[in-house]
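Undergrad: Contents are compact mmCIF, N, CA and C atoms; file name entry-v2.txt:
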```txt
# COMPACT_ATOMS: atom_id res chain seq x y z
N MET A 1 -59.32 -128.13 112.08
CA MET A 1 -59.54 -126.70 112.09
C MET A 1 -58.77 -126.00 110.97
N SER A 2 -57.71 -126.64 110.45
CA SER A 2 -56.91 -125.98 109.44
C SER A 2 -57.68 -125.76 108.15
N SER A 3 -58.71 -126.57 107.88
CA SER A 3 -59.50 -126.38 106.67
C SER A 3 -60.64 -125.39 106.88
N CYS A 4 -60.78 -124.90 108.09
CA CYS A 4 -61.87 -124.00 108.44
C CYS A 4 -61.47 -122.55 108.12
N LYS A 5 -62.17 -121.92 107.19
CA LYS A 5 -61.90 -120.53 106.85
C LYS A 5 -62.87 -119.64 107.63
N LEU A 6 -62.33 -118.73 108.43
CA LEU A 6 -63.15 -117.84 109.22
C LEU A 6 -63.39 -116.56 108.45
N THR A 7 -64.62 -116.09 108.47
CA THR A 7 -64.98 -114.86 107.76
C THR A 7 -65.74 -113.93 108.69
N SER A 8 -65.80 -112.69 108.29
CA SER A 8 -66.54 -111.69 109.04
C SER A 8 -68.04 -111.95 108.89
N PRO A 9 -68.81 -111.79 109.97
CA PRO A 9 -70.27 -111.83 109.80
C PRO A 9 -70.71 -110.74 108.83
N THR A 10 -71.90 -110.87 108.29
CA THR A 10 -72.39 -109.89 107.31
C THR A 10 -73.65 -109.20 107.82
N PHE A 11 -73.75 -107.92 107.50
CA PHE A 11 -74.93 -107.12 107.83
C PHE A 11 -76.04 -107.45 106.84
N LYS A 12 -77.29 -107.61 107.34
CA LYS A 12 -78.43 -107.89 106.48
C LYS A 12 -79.37 -106.69 106.38
N THR A 13 -79.94 -106.26 107.50
CA THR A 13 -80.91 -105.18 107.47
C THR A 13 -81.17 -104.64 108.88
N VAL A 14 -81.99 -103.60 108.95
CA VAL A 14 -82.47 -103.06 110.21
C VAL A 14 -83.99 -103.18 110.17
N ASN A 15 -84.58 -103.62 111.28
CA ASN A 15 -86.04 -103.72 111.33
C ASN A 15 -86.54 -103.35 112.72
N ASN A 16 -87.85 -103.40 112.87
CA ASN A 16 -88.51 -103.11 114.14
C ASN A 16 -88.12 -101.73 114.69
N ILE A 17 -88.10 -100.73 113.83
CA ILE A 17 -87.80 -99.36 114.27
C ILE A 17 -89.00 -98.86 115.07
N ARG A 18 -88.73 -98.33 116.25
CA ARG A 18 -89.83 -97.99 117.16
C ARG A 18 -89.46 -96.82 118.07
N PHE A 19 -90.52 -96.14 118.56
CA PHE A 19 -90.35 -95.15 119.62
C PHE A 19 -90.26 -95.91 120.93
N GLU A 20 -89.32 -95.51 121.78
CA GLU A 20 -89.24 -96.13 123.09
C GLU A 20 -89.69 -95.17 124.18
N SER A 21 -89.30 -93.90 124.05
CA SER A 21 -89.74 -92.92 125.05
C SER A 21 -89.47 -91.52 124.54
N ILE A 22 -90.16 -90.57 125.17
CA ILE A 22 -89.90 -89.15 124.89
C ILE A 22 -89.98 -88.43 126.23
N GLY A 23 -89.04 -87.52 126.45
CA GLY A 23 -89.01 -86.81 127.72
C GLY A 23 -88.15 -85.57 127.62
N LEU A 24 -87.81 -85.01 128.77
CA LEU A 24 -87.02 -83.78 128.82
C LEU A 24 -85.61 -83.98 128.28
N LYS A 25 -85.08 -85.20 128.38
CA LYS A 25 -83.72 -85.46 127.90
C LYS A 25 -83.67 -85.73 126.40
N GLY A 26 -84.81 -85.95 125.78
CA GLY A 26 -84.84 -86.19 124.35
C GLY A 26 -85.81 -87.30 123.96
N LEU A 27 -85.63 -87.77 122.76
CA LEU A 27 -86.49 -88.79 122.16
C LEU A 27 -85.67 -90.04 121.98
N LYS A 28 -86.15 -91.18 122.48
CA LYS A 28 -85.40 -92.43 122.35
C LYS A 28 -86.08 -93.32 121.31
N LEU A 29 -85.27 -93.73 120.31
CA LEU A 29 -85.71 -94.66 119.28
C LEU A 29 -84.99 -95.98 119.49
N GLY A 30 -85.65 -97.06 119.11
CA GLY A 30 -85.03 -98.38 119.17
C GLY A 30 -85.18 -99.07 117.83
N ALA A 31 -84.33 -100.05 117.58
CA ALA A 31 -84.38 -100.83 116.34
C ALA A 31 -83.58 -102.10 116.56
N ASN A 32 -83.69 -103.02 115.61
CA ASN A 32 -82.89 -104.23 115.64
C ASN A 32 -82.07 -104.31 114.36
N ALA A 33 -80.77 -104.55 114.50
CA ALA A 33 -79.89 -104.74 113.34
C ALA A 33 -79.68 -106.24 113.18
N GLU A 34 -79.90 -106.74 111.97
CA GLU A 34 -79.77 -108.18 111.70
C GLU A 34 -78.50 -108.47 110.93
N PHE A 35 -77.83 -109.54 111.34
CA PHE A 35 -76.57 -109.97 110.75
C PHE A 35 -76.62 -111.49 110.53
N ASN A 36 -75.60 -112.01 109.82
CA ASN A 36 -75.48 -113.44 109.64
C ASN A 36 -74.05 -113.86 109.95
N ASN A 37 -73.92 -114.93 110.72
CA ASN A 37 -72.62 -115.53 111.02
C ASN A 37 -72.54 -116.86 110.28
N ALA A 38 -71.76 -116.92 109.22
CA ALA A 38 -71.62 -118.13 108.42
C ALA A 38 -70.53 -119.07 108.95
N ASN A 39 -69.84 -118.65 110.00
CA ASN A 39 -68.75 -119.44 110.54
C ASN A 39 -69.24 -120.66 111.33
N PRO A 40 -68.42 -121.72 111.36
CA PRO A 40 -68.80 -122.92 112.12
C PRO A 40 -68.51 -122.79 113.62
N LEU A 41 -68.19 -121.57 114.07
CA LEU A 41 -67.89 -121.31 115.47
C LEU A 41 -68.69 -120.11 115.96
N LYS A 42 -68.99 -120.10 117.25
CA LYS A 42 -69.68 -118.92 117.80
C LYS A 42 -68.69 -117.78 117.96
N CYS A 43 -69.20 -116.56 118.03
CA CYS A 43 -68.37 -115.38 118.25
C CYS A 43 -69.12 -114.41 119.15
N LYS A 44 -68.47 -113.29 119.47
CA LYS A 44 -69.05 -112.35 120.41
C LYS A 44 -68.93 -110.92 119.88
N VAL A 45 -70.00 -110.14 119.99
CA VAL A 45 -69.97 -108.72 119.64
C VAL A 45 -69.23 -108.00 120.75
N VAL A 46 -68.19 -107.23 120.38
CA VAL A 46 -67.41 -106.51 121.39
C VAL A 46 -67.59 -105.00 121.34
N ASP A 47 -68.13 -104.48 120.21
CA ASP A 47 -68.30 -103.04 120.13
C ASP A 47 -69.31 -102.70 119.04
N VAL A 48 -70.06 -101.62 119.28
CA VAL A 48 -70.98 -101.07 118.29
C VAL A 48 -70.62 -99.60 118.14
N ASP A 49 -70.41 -99.16 116.89
CA ASP A 49 -70.02 -97.78 116.63
C ASP A 49 -70.75 -97.30 115.38
N MET A 50 -71.88 -96.61 115.57
CA MET A 50 -72.69 -96.16 114.43
C MET A 50 -73.17 -94.74 114.62
N ASN A 51 -73.19 -94.00 113.51
CA ASN A 51 -73.79 -92.67 113.49
C ASN A 51 -75.24 -92.81 113.03
N VAL A 52 -76.11 -92.02 113.64
CA VAL A 52 -77.52 -92.01 113.28
C VAL A 52 -77.82 -90.62 112.73
N LEU A 53 -78.30 -90.58 111.47
CA LEU A 53 -78.61 -89.31 110.83
C LEU A 53 -80.07 -89.29 110.43
N VAL A 54 -80.69 -88.13 110.59
CA VAL A 54 -82.05 -87.89 110.10
C VAL A 54 -81.94 -86.72 109.14
N ASP A 55 -82.35 -86.96 107.90
CA ASP A 55 -82.28 -85.93 106.85
C ASP A 55 -80.89 -85.29 106.79
N ASP A 56 -79.86 -86.14 106.76
CA ASP A 56 -78.46 -85.74 106.66
C ASP A 56 -77.95 -84.92 107.85
N ARG A 57 -78.65 -84.97 108.97
CA ARG A 57 -78.21 -84.28 110.18
C ARG A 57 -77.91 -85.31 111.25
N LEU A 58 -76.68 -85.28 111.79
CA LEU A 58 -76.29 -86.21 112.84
C LEU A 58 -77.13 -85.95 114.08
N ILE A 59 -77.86 -86.99 114.52
CA ILE A 59 -78.71 -86.82 115.70
C ILE A 59 -78.25 -87.68 116.86
N GLY A 60 -77.36 -88.62 116.61
CA GLY A 60 -76.90 -89.46 117.69
C GLY A 60 -75.81 -90.41 117.24
N VAL A 61 -75.11 -90.96 118.23
CA VAL A 61 -74.06 -91.93 117.96
C VAL A 61 -74.32 -93.14 118.84
N LEU A 62 -74.31 -94.31 118.21
CA LEU A 62 -74.43 -95.55 118.96
C LEU A 62 -73.03 -96.03 119.24
N GLY A 63 -72.67 -96.13 120.50
CA GLY A 63 -71.34 -96.59 120.85
C GLY A 63 -71.40 -97.55 122.02
N GLU A 64 -72.55 -98.12 122.22
CA GLU A 64 -72.75 -99.00 123.36
C GLU A 64 -72.06 -100.33 123.13
N LYS A 65 -71.43 -100.84 124.18
CA LYS A 65 -70.89 -102.18 124.11
C LYS A 65 -72.03 -103.11 124.49
N THR A 66 -72.25 -104.10 123.68
CA THR A 66 -73.33 -105.03 123.96
C THR A 66 -72.78 -106.44 123.95
N ASP A 67 -73.10 -107.21 124.95
CA ASP A 67 -72.61 -108.58 125.02
C ASP A 67 -73.58 -109.53 124.34
N VAL A 68 -73.44 -109.62 123.03
CA VAL A 68 -74.27 -110.54 122.26
C VAL A 68 -73.38 -111.70 121.84
N ILE A 69 -73.73 -112.90 122.27
CA ILE A 69 -73.02 -114.09 121.84
C ILE A 69 -73.73 -114.61 120.60
N ILE A 70 -72.97 -114.85 119.56
CA ILE A 70 -73.53 -115.24 118.27
C ILE A 70 -73.31 -116.74 118.07
N LYS A 71 -74.39 -117.45 117.81
CA LYS A 71 -74.29 -118.89 117.56
C LYS A 71 -73.63 -119.14 116.22
N LYS A 72 -73.05 -120.32 116.08
CA LYS A 72 -72.42 -120.68 114.81
C LYS A 72 -73.48 -120.86 113.73
N LYS A 73 -73.10 -120.50 112.51
CA LYS A 73 -73.95 -120.63 111.32
C LYS A 73 -75.39 -120.20 111.59
N SER A 74 -75.56 -118.94 111.97
CA SER A 74 -76.90 -118.46 112.29
C SER A 74 -77.05 -116.97 112.01
N ASP A 75 -78.30 -116.54 111.93
CA ASP A 75 -78.62 -115.12 111.90
C ASP A 75 -78.67 -114.64 113.34
N PHE A 76 -78.33 -113.37 113.56
CA PHE A 76 -78.42 -112.82 114.91
C PHE A 76 -78.84 -111.36 114.85
N THR A 77 -79.38 -110.89 115.94
CA THR A 77 -79.92 -109.54 116.05
C THR A 77 -79.21 -108.79 117.17
N ILE A 78 -78.88 -107.54 116.90
CA ILE A 78 -78.32 -106.66 117.92
C ILE A 78 -79.34 -105.55 118.18
N PRO A 79 -79.83 -105.43 119.42
CA PRO A 79 -80.76 -104.33 119.72
C PRO A 79 -80.01 -103.00 119.73
N LEU A 80 -80.61 -102.00 119.09
CA LEU A 80 -80.02 -100.67 119.02
C LEU A 80 -80.94 -99.68 119.71
N GLY A 81 -80.36 -98.69 120.35
CA GLY A 81 -81.13 -97.61 120.96
C GLY A 81 -80.38 -96.31 120.78
N VAL A 82 -81.09 -95.28 120.40
CA VAL A 82 -80.44 -93.98 120.26
C VAL A 82 -81.30 -92.92 120.94
N LEU A 83 -80.64 -92.09 121.73
CA LEU A 83 -81.30 -90.97 122.39
C LEU A 83 -81.01 -89.73 121.58
N ILE A 84 -82.05 -89.13 121.03
CA ILE A 84 -81.91 -87.91 120.25
C ILE A 84 -82.01 -86.75 121.23
N LYS A 85 -80.86 -86.15 121.52
CA LYS A 85 -80.80 -85.07 122.51
C LYS A 85 -80.88 -83.73 121.81
N PRO A 86 -81.63 -82.79 122.38
CA PRO A 86 -81.65 -81.45 121.81
C PRO A 86 -80.32 -80.74 122.08
N GLU A 87 -79.45 -80.68 121.05
CA GLU A 87 -78.14 -80.07 121.24
C GLU A 87 -77.87 -78.92 120.28
N GLY A 88 -78.66 -78.81 119.22
CA GLY A 88 -78.46 -77.71 118.26
C GLY A 88 -79.21 -76.48 118.73
N THR A 89 -79.54 -75.62 117.78
CA THR A 89 -80.34 -74.46 118.14
C THR A 89 -81.77 -74.93 118.40
N VAL A 90 -82.54 -74.13 119.07
CA VAL A 90 -83.92 -74.49 119.37
C VAL A 90 -84.70 -74.75 118.09
N LEU A 91 -84.49 -73.92 117.07
CA LEU A 91 -85.20 -74.09 115.81
C LEU A 91 -84.83 -75.39 115.11
N GLU A 92 -83.52 -75.74 115.06
CA GLU A 92 -83.08 -76.99 114.43
C GLU A 92 -83.67 -78.18 115.17
N ASP A 93 -83.61 -78.16 116.50
CA ASP A 93 -84.16 -79.27 117.28
C ASP A 93 -85.66 -79.41 117.07
N PHE A 94 -86.36 -78.29 117.04
CA PHE A 94 -87.80 -78.33 116.83
C PHE A 94 -88.13 -78.96 115.48
N LYS A 95 -87.39 -78.57 114.43
CA LYS A 95 -87.63 -79.12 113.09
C LYS A 95 -87.39 -80.63 113.07
N THR A 96 -86.31 -81.08 113.70
CA THR A 96 -86.00 -82.51 113.74
C THR A 96 -87.09 -83.28 114.47
N PHE A 97 -87.46 -82.83 115.67
CA PHE A 97 -88.50 -83.51 116.43
C PHE A 97 -89.84 -83.48 115.70
N TYR A 98 -90.16 -82.34 115.09
CA TYR A 98 -91.43 -82.20 114.38
C TYR A 98 -91.54 -83.21 113.24
N LYS A 99 -90.48 -83.34 112.46
CA LYS A 99 -90.51 -84.28 111.34
C LYS A 99 -90.65 -85.71 111.82
N ILE A 100 -89.97 -86.04 112.92
CA ILE A 100 -90.04 -87.41 113.44
C ILE A 100 -91.42 -87.71 114.02
N LEU A 101 -91.98 -86.75 114.73
CA LEU A 101 -93.24 -86.99 115.43
C LEU A 101 -94.48 -86.84 114.55
N THR A 102 -94.36 -86.19 113.41
CA THR A 102 -95.50 -86.07 112.50
C THR A 102 -95.37 -87.14 111.42
N ASP A 103 -96.28 -87.14 110.50
CA ASP A 103 -96.29 -88.17 109.48
C ASP A 103 -95.59 -87.71 108.20
N ARG A 104 -94.66 -86.75 108.32
CA ARG A 104 -93.92 -86.28 107.15
C ARG A 104 -92.76 -87.24 106.87
N PRO A 105 -92.45 -87.51 105.61
CA PRO A 105 -91.34 -88.41 105.28
C PRO A 105 -90.01 -87.87 105.81
N THR A 106 -89.24 -88.75 106.43
CA THR A 106 -87.96 -88.43 107.02
C THR A 106 -86.97 -89.50 106.61
N GLU A 107 -85.76 -89.11 106.24
CA GLU A 107 -84.75 -90.10 105.86
C GLU A 107 -83.91 -90.47 107.07
N LEU A 108 -83.88 -91.75 107.39
CA LEU A 108 -83.07 -92.28 108.48
C LEU A 108 -81.87 -92.99 107.86
N TYR A 109 -80.69 -92.70 108.38
CA TYR A 109 -79.47 -93.30 107.85
C TYR A 109 -78.60 -93.76 109.02
N LEU A 110 -78.26 -95.04 109.04
CA LEU A 110 -77.34 -95.60 110.03
C LEU A 110 -76.06 -95.99 109.30
N VAL A 111 -74.93 -95.52 109.78
CA VAL A 111 -73.66 -95.86 109.15
C VAL A 111 -72.60 -96.03 110.23
N GLY A 112 -71.83 -97.09 110.11
CA GLY A 112 -70.79 -97.38 111.08
C GLY A 112 -70.38 -98.83 110.99
N ASN A 113 -70.07 -99.43 112.15
CA ASN A 113 -69.68 -100.82 112.14
C ASN A 113 -69.87 -101.46 113.51
N ILE A 114 -69.82 -102.78 113.51
CA ILE A 114 -69.75 -103.53 114.75
C ILE A 114 -68.44 -104.31 114.71
N ARG A 115 -67.90 -104.61 115.87
CA ARG A 115 -66.70 -105.46 115.94
C ARG A 115 -67.06 -106.73 116.66
N VAL A 116 -66.60 -107.84 116.10
CA VAL A 116 -66.83 -109.15 116.72
C VAL A 116 -65.49 -109.84 116.96
N LYS A 117 -65.49 -110.69 117.97
CA LYS A 117 -64.29 -111.46 118.30
C LYS A 117 -64.60 -112.93 118.03
N LEU A 118 -63.69 -113.56 117.26
CA LEU A 118 -63.86 -114.96 116.87
C LEU A 118 -62.50 -115.64 117.01
N MET A 119 -62.38 -116.54 117.95
CA MET A 119 -61.14 -117.27 118.21
C MET A 119 -59.93 -116.34 118.34
N GLY A 120 -60.07 -115.26 119.08
CA GLY A 120 -58.97 -114.34 119.31
C GLY A 120 -58.72 -113.35 118.19
N MET A 121 -59.47 -113.47 117.08
CA MET A 121 -59.34 -112.53 115.97
C MET A 121 -60.52 -111.57 116.00
N TYR A 122 -60.27 -110.33 115.59
CA TYR A 122 -61.33 -109.32 115.56
C TYR A 122 -61.71 -109.04 114.11
N PHE A 123 -63.02 -108.94 113.88
CA PHE A 123 -63.54 -108.61 112.57
C PHE A 123 -64.40 -107.36 112.69
N THR A 124 -64.29 -106.47 111.72
CA THR A 124 -65.13 -105.28 111.66
C THR A 124 -66.19 -105.52 110.59
N VAL A 125 -67.45 -105.34 110.97
CA VAL A 125 -68.57 -105.55 110.05
C VAL A 125 -69.17 -104.18 109.73
N PRO A 126 -69.05 -103.73 108.46
CA PRO A 126 -69.62 -102.43 108.10
C PRO A 126 -71.15 -102.47 108.07
N VAL A 127 -71.76 -101.37 108.50
CA VAL A 127 -73.21 -101.23 108.49
C VAL A 127 -73.55 -99.95 107.76
N LYS A 128 -74.40 -100.07 106.73
CA LYS A 128 -74.94 -98.91 106.02
C LYS A 128 -76.40 -99.22 105.76
N TYR A 129 -77.27 -98.38 106.30
CA TYR A 129 -78.71 -98.61 106.15
C TYR A 129 -79.39 -97.27 105.97
N ARG A 130 -80.22 -97.18 104.95
CA ARG A 130 -80.95 -95.93 104.67
C ARG A 130 -82.41 -96.30 104.39
N GLN A 131 -83.32 -95.53 105.00
CA GLN A 131 -84.74 -95.77 104.78
C GLN A 131 -85.52 -94.47 104.94
N ILE A 132 -86.51 -94.29 104.09
CA ILE A 132 -87.44 -93.17 104.24
C ILE A 132 -88.56 -93.65 105.16
N LEU A 133 -88.78 -92.92 106.24
CA LEU A 133 -89.79 -93.30 107.23
C LEU A 133 -90.80 -92.18 107.42
N LYS A 134 -91.99 -92.58 107.82
CA LYS A 134 -93.01 -91.66 108.30
C LYS A 134 -93.39 -92.12 109.70
N ARG A 135 -93.95 -91.26 110.49
CA ARG A 135 -94.35 -91.60 111.86
C ARG A 135 -95.20 -92.86 111.87
N SER A 136 -96.07 -93.04 110.88
CA SER A 136 -96.95 -94.20 110.86
C SER A 136 -96.18 -95.51 110.63
N ASP A 137 -94.92 -95.42 110.18
CA ASP A 137 -94.09 -96.62 109.99
C ASP A 137 -93.52 -97.13 111.29
N PHE A 138 -93.42 -96.28 112.31
CA PHE A 138 -92.82 -96.66 113.58
C PHE A 138 -93.76 -97.53 114.37
N LYS A 139 -93.17 -98.51 115.08
CA LYS A 139 -93.96 -99.32 115.99
C LYS A 139 -93.88 -98.66 117.36
N ASN A 140 -94.96 -98.70 118.09
CA ASN A 140 -94.96 -98.09 119.43
C ASN A 140 -94.69 -99.12 120.48
```
Written as structure tokens, that's how I'd like the structure from this file.
TA:
Amino acid sequence: MSSCKLTSPTFKTVNNIRFESIGLKGLKLGANAEFNNANPLKCKVVDVDMNVLVDDRLIGVLGEKTDVIIKKKSDFTIPLGVLIKPEGTVLEDFKTFYKILTDRPTELYLVGNIRVKLMGMYFTVPVKYRQILKRSDFKN
């Protein structure tokens, strides 16, 4: 084990962005964040902490703890879900929902990190993802 160098997993991309539900509490979006674990040992995701912005406006925070066990030397996916709650003024909320629900281009930005535990050590993996989306890009 002394020759084994442990490194932080790396962020690759976000895919499968989709609508999950819409209701009185807000609009729920889902996605998958892909990472790679190059270590010869498995590790565990202990925390997810990401801001979700649409057109430079904070619409949600991902802070869910998810128990994802990561296999050694493998790619892995963390399911993400964000509930966009109407918390601003009625006009701001309407504009945000309108852009998301219509086919107008909208910029989605995820920024934050995940924390993983590997042999008693904690690693922080930075996540930065930006994409221009239209309603037709979302999977239902």
Undergrad: Would you mind telling me which residue in A:Met121, A:Ile114, A:Leu29, A:Ala38 lies nearest to Lys73 (chain A) when using only C-alpha atoms?
TA: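 Of the candidates, the smallest distance to Lys73 (chain A) is held by A:Ala38.
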Undergrad: Which of region 5-135 of chain A end up as strand (DSSP E) when DSSP is run on this backbone - answer as a count of residues only?
TA: 83
Undergrad: Given the point (-91.9, -90.8, 103.6) in the coordinates of this file, which residues lie within 7 Å, counting only N, CA and C atoms, and how would they look as a PyMOL selection string?
TA: chain A and resi 103-107+132-134
Undergrad: Which residues are close to region 49-51 of chain A, i.e. within 7 Å by only N, CA and C atoms, leaving aside same-chain residues fewer than 4 positions away? Reply as a list in words.
TA: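 Residues near the query, excluding close chain neighbours: Leu58, Ile59, Gly60, Val61, Leu62, Gly63, Glu64, Tyr109, Leu110, Val111, Gly112, Asn113, Ile114 and Arg115 of chain A.
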Undergrad: Please measure the separation of atom N of Thr124 (chain A) and CA of Asn36 (chain A), giving the value in Å to one decimal.
TA: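 Calculated distance between atom N of Thr124 (chain A) and CA of Asn36 (chain A) is 13.3 Å.
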Undergrad: Expressed in Å to a single decimal, how great is the separation between CA of Lys12 (chain A) and atom N of Tyr122 (chain A)?
TA: 20.5 Å
Undergrad: Using only C-alpha atoms, what residues lie at most 7 Å away from (-76.2, -108.6, 121.6) (file coordinates), given as a list of chain:residue names?
TA: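 Looking at atoms near the point gives A:Val45, A:Thr66, A:Asp67, A:Val68, A:Ile69, A:Thr77, A:Ile78, A:Pro79.
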Undergrad: Between CA of Lys71 (chain A) and atom C of Leu118 (chain A), what is the spacing in Å?
TA: 12.2 Å
Undergrad: Edge lengths and centre in Å to one decimal, as lines of an AutoDock Vina configuration file, is what I'm after for the box along x, y and z that holds all listed atoms of region 73-79 of chain A once 4 Å is added on each side.
TA:
```
center_x = -76.9
center_y = -111.8
center_z = 115.5
size_x = 15.7
size_y = 25.6
size_z = 16.4
```
